[in-house]
There are 2 protein chains.
Amino acid sequence: MLDFSFYSPTEFVFGKGRESECGELVKKYGGSKVLIHFGGGSAVKSGLIDRVKASLEKSGVPFCELGGVQPNPRDTLVYKGIELAKSEGVDFILAVGGGSVIDSAKAIAAGTLYDGDFWDFYSGKAAIEKALPIGVVLTIAAAGSEGSGNSVITKEDGMLKRGTGSDLLRSRFSVLNPALTQTLPAYQTACGATDIMAHVFERYFTNTTEVEITDRLCEAVLLTMVKETPRVIADPDNYEARANIMWAGMVAHNNIVGVGREQDWNSHGLEHELSGLYDVAHGAGLAVIMPAWMEYVHNHNVMRFCQMATRIFGCSMDFEDPEATALEGIKRFRAFLKSIGMPINFAELGAKEEDIPILIEKLGIGDGKRAGFMELDRNDVEGIYKLAVKASL
Amino acid sequence: MLDFSFYSPTEFVFGKGRESECGELVKKYGGSKVLIHFGGGSAVKSGLIDRVKASLEKSGVPFCELGGVQPNPRDTLVYKGIELAKSEGVDFILAVGGGSVIDSAKAIAAGTLYDGDFWDFYSGKAAIEKALPIGVVLTIAAAGSEGSGNSVITKEDGMLKRGTGSDLLRSRFSVLNPALTQTLPAYQTACGATDIMAHVFERYFTNTTEVEITDRLCEAVLLTMVKETPRVIADPDNYEARANIMWAGMVAHNNIVGVGREQDWNSHGLEHELSGLYDVAHGAGLAVIMPAWMEYVHNHNVMRFCQMATRIFGCSMDFEDPEATALEGIKRFRAFLKSIGMPINFAELGAKEEDIPILIEKLGIGDGKRAGFMELDRNDVEGIYKLAVKASL
């Protein structure tokens, strides 16, 4: 096990109707004027934004608001948010939405207290030294941003998707009400589930040995997703299945399952260029990329893929041909993704084989290598994208 | 899944030699004068206390010290600690030791800022409203007190063992260096492992249904303990196994594996009277009580015991006779405890059957019932103690 630090100070407030506690929670964590940040129409139409406002009013906390966050949240709205937060004298950002809204809120929180261009944090030019406190009311189980210190923003000029991270971006509180996710379309639910599983797999495939505790914790989340996701796809109103997935989504990404081990993140990296270029859902892109990545790298440590195959996907270990077990596990993962309605190849995603050189270019790999479970050079990246082009069951 | 709040704000600093960061960590969390609290000779003899002092000195943080914490920590030393903290103007308590030291430090932290008798928090007369911040350097994987808001203290007058809990008692930071546990005697290591497994089982046996995520997380910790504990008993210097157990011990008890479900805690309750009366190690008492409790209650939900038997102890499910599978799982748990050197009955623990009425009396059950997985009245409690008297493999 590698040395590590683990810090997850967020107060998670989980259960039906608990968005009504927002006002008191903002006050508890020192907010005296709030920017409510949200996305499109559903949070408004469902009455959620009104309930959040009512809670703030009841607690006597004034607020302003900024909606319009898109999936793959844009730098352009972040600039607007920073301007608004400064002009209104806001001291607390309340994100009401999913990963895109939370990531956008984190960018505003850091950018408001920074003299330069907030994009410096995403381009690697500057480190975050201070940020306004944020709170979250989560509306989809997916990104894990409610429990992480990470944020991913897309620069509209060139559709460049980049991330940053800091403990300062961890939310003070996150309200998780599974009932809010019951109205999500099946496709979005499945995209979220895929993202959750990918967050775990990026940690599961490691070169660090003797990490039984985190291996088993990773498997706990994956087994939960394999059981619960088909239940919500079949029955969107299943509160219990929604609740299990919502908590699994937080556990998957606050790093409790990933400490003390090398992690990968190449599937996320390769996917970011896909969703950046085509503006497709991140989870859908991952469904196409992740099994292709697994196929490409499985011989780097075939036993680890056998572990996945037997422990997660119920394969019987073929002791005479471990590679057959490894490949069967990957096949079952892809079949699982297909069964919940995810695309599994470029065509189903709306991506084009001829754009692969553009994807590689945007990835900025050059003649270098990407670190991870298996080091990848540009030929490897091309190989993975090509496997993703033609993937089938 | 039940509604819940989850809050674990402690910064965990994990790895070799990281006690050298104590001084900076104390400063980071606002300490300007420290009471170092510790137990007997081993932390002094090993040079650990000197290393902690050197770190504080290097950071320019003055300190005073109070050693002498015993296993099953006493109220008498807590009173001394409170007096010392007040007279020295201490604003930070640094616990260097295991669960007993940490629990004693928590009592001092709350008692120092309270006008009345600190025992009020343990007798249920008062709730904790403020406490000095505490930090931890952990020397044994066991109690989970490094990540919990709980504390258990024994009143010397009558050897009455009682607990309290508050988020205010959660440590600001906990240094977890697995190498510090390599010098522990095998018996103490095994007692710690038993305590960790018991913390999980107390959460695992629940009447709440459809809690797949926490079920699987519980199983992750248990599977880790089943794999790693025999490795450290066979090879005390095995850093990797020690590291897995140390992190498992935190995960077992900061409640990440127990949120959203009813919990039990009757084995802990029945054990507290044993270790209170005979001053035996808590883990050893649990090794005697917990399998007996399982035997007594297994028919309350035989399928849950089958789940334990098959998922944790590798039993093959007997679909014609589920109870046989359930009992086989309990048998394997007891055999596991015996294999790591734990007592499994009253005689091996040094307890006496004729004291059972005293144990029941001290438990204070009267004509009432104890809530939990299965409600227990005094006859049930007597039945469990009696199963524990004569237990064998």
# chains A, B, ... in the order shown; residues from 1 in each chain; ligands from 1
$ select_by_dssp --residues "region 21-266 of chain A" --states "alpha helix (DSSP H)" --output "ChimeraX atom specification"
/A:22-28,41-45,48-58,75-88,99-112,119-123,186-204,212-234,239-251,266
$ interface_residues --of "chain A" --to "chain B" --cutoff "6 Å" --atoms "only C-alpha atoms" --output "list in words"
Asp3, Phe4, Ser5, Phe6, Tyr7, Ser8, Pro9, Glu11, Phe12, Val13, Phe14, Gly15, Glu212, Ile213, Arg216, Leu217, Ala220, Thr224 and Asn244 of chain A
$ residues_around --residues "Leu48 (chain A)" --least-positions-apart "2" --cutoff "10 Å" --atoms "only C-alpha atoms" --output "list in words"
Gly17, Glu19, Ser20, Ser42, Ala43, Val44, Lys45, Ser46, Asp50, Arg51, Val52, Lys53, Ala54, Val96, Gly97, Val137, Thr139 and Leu180 of chain A
$ residues_around --residues "region 282-295 of chain A" --least-positions-apart "3" --cutoff "6 Å" --atoms "only C-alpha atoms" --output "JSON, numbers by chain"
{"A": [191, 192, 194, 195, 267, 271, 275, 298, 344, 345, 384, 387, 388]}
$ write_last_selection --atoms "C-alpha atoms" --output "PDB file, in the first residue's frame"
ATOM      1  CA  CYS A 191     -25.057   7.289 -18.250  1.00  0.00           C
ATOM      2  CA  GLY A 192     -24.716   8.104 -14.566  1.00  0.00           C
ATOM      3  CA  THR A 194     -21.695   3.977 -16.231  1.00  0.00           C
ATOM      4  CA  ASP A 195     -19.770   6.972 -14.916  1.00  0.00           C
ATOM      5  CA  SER A 267     -10.367   5.864 -20.060  1.00  0.00           C
ATOM      6  CA  GLU A 271     -13.373   9.878 -23.251  1.00  0.00           C
ATOM      7  CA  SER A 275     -17.471  14.218 -25.297  1.00  0.00           C
ATOM      8  CA  HIS A 298      -5.818  -6.927 -20.489  1.00  0.00           C
ATOM      9  CA  ILE A 344     -20.952   0.382 -27.152  1.00  0.00           C
ATOM     10  CA  ASN A 345     -19.213   1.630 -30.314  1.00  0.00           C
ATOM     11  CA  ILE A 384      -7.965   1.757 -28.187  1.00  0.00           C
ATOM     12  CA  LEU A 387     -11.258  -1.129 -30.856  1.00  0.00           C
ATOM     13  CA  ALA A 388     -14.014   1.229 -29.758  1.00  0.00           C
TER      14      ALA A 388
END
$ closest_residue --among "B:Pro230, B:Gly98, B:Pro185, B:Gly158" --to "Glu273 (chain B)" --atoms "only C-alpha atoms"
B:Gly158
$ residues_around --residues "Gln70 (chain B)" --least-positions-apart "3" --cutoff "10 Å" --atoms "only C-alpha atoms" --output "JSON, numbers by chain"
{"B": [38, 39, 40, 67, 73, 74, 77, 100, 101, 104]}
$ select_by_dssp --residues "region 35-77 of chain A" --states "strand (DSSP E or B)" --output "CSV table (one decimal) with N, CA and C atoms, in the first residue's frame"
chain,number,residue,atom,x,y,z
A,35,LEU,N,-25.3,32.4,-4.1
A,35,LEU,CA,-25.6,32.3,-5.5
A,35,LEU,C,-26.1,30.8,-5.7
A,36,ILE,N,-27.4,30.7,-6.1
A,36,ILE,CA,-28.0,29.4,-6.5
A,36,ILE,C,-27.6,29.2,-8.0
A,37,HIS,N,-26.9,28.1,-8.2
A,37,HIS,CA,-26.4,27.8,-9.6
A,37,HIS,C,-27.1,26.5,-10.0
A,38,PHE,N,-27.7,26.5,-11.2
A,38,PHE,CA,-28.4,25.3,-11.7
A,38,PHE,C,-28.4,25.2,-13.2
A,63,PHE,N,-30.4,35.6,-1.6
A,63,PHE,CA,-29.7,34.8,-2.7
A,63,PHE,C,-29.9,35.5,-4.0
A,64,CYS,N,-29.1,35.2,-5.0
A,64,CYS,CA,-29.3,35.5,-6.4
A,64,CYS,C,-29.1,34.2,-7.1
A,65,GLU,N,-29.4,34.2,-8.4
A,65,GLU,CA,-29.4,32.9,-9.1
A,65,GLU,C,-28.8,33.0,-10.5
A,66,LEU,N,-28.3,31.9,-10.9
A,66,LEU,CA,-27.7,31.8,-12.3
A,66,LEU,C,-28.0,30.4,-12.8
A,74,ARG,N,-19.5,24.9,-19.5
A,74,ARG,CA,-18.7,25.8,-20.3
A,74,ARG,C,-18.0,26.9,-19.5
$ residues_around --residues "Gln307 (chain B)" --least-positions-apart "4" --cutoff "10 Å" --atoms "only C-alpha atoms" --output "list of chain:residue names"
B:Asp215, B:Glu219, B:Val302, B:Met303, B:Arg311, B:Ile312, B:Phe313, B:Gly314, B:Cys315, B:Met317, B:Thr325, B:Ala326, B:Gly329
$ atom_distance --atom1 "CA of Thr183 (chain B)" --atom2 "CA of Ile102 (chain B)"
19.4 Å
$ residues_around --residues "region 149-153 of chain A" --least-positions-apart "2" --cutoff "6 Å" --atoms "only C-alpha atoms" --output "PyMOL selection string"
chain A and resi 73-74+103+161-167+169-170
$ atom_distance --atom1 "CA of Ala143 (chain B)" --atom2 "CA of Asn254 (chain B)"
10.4 Å
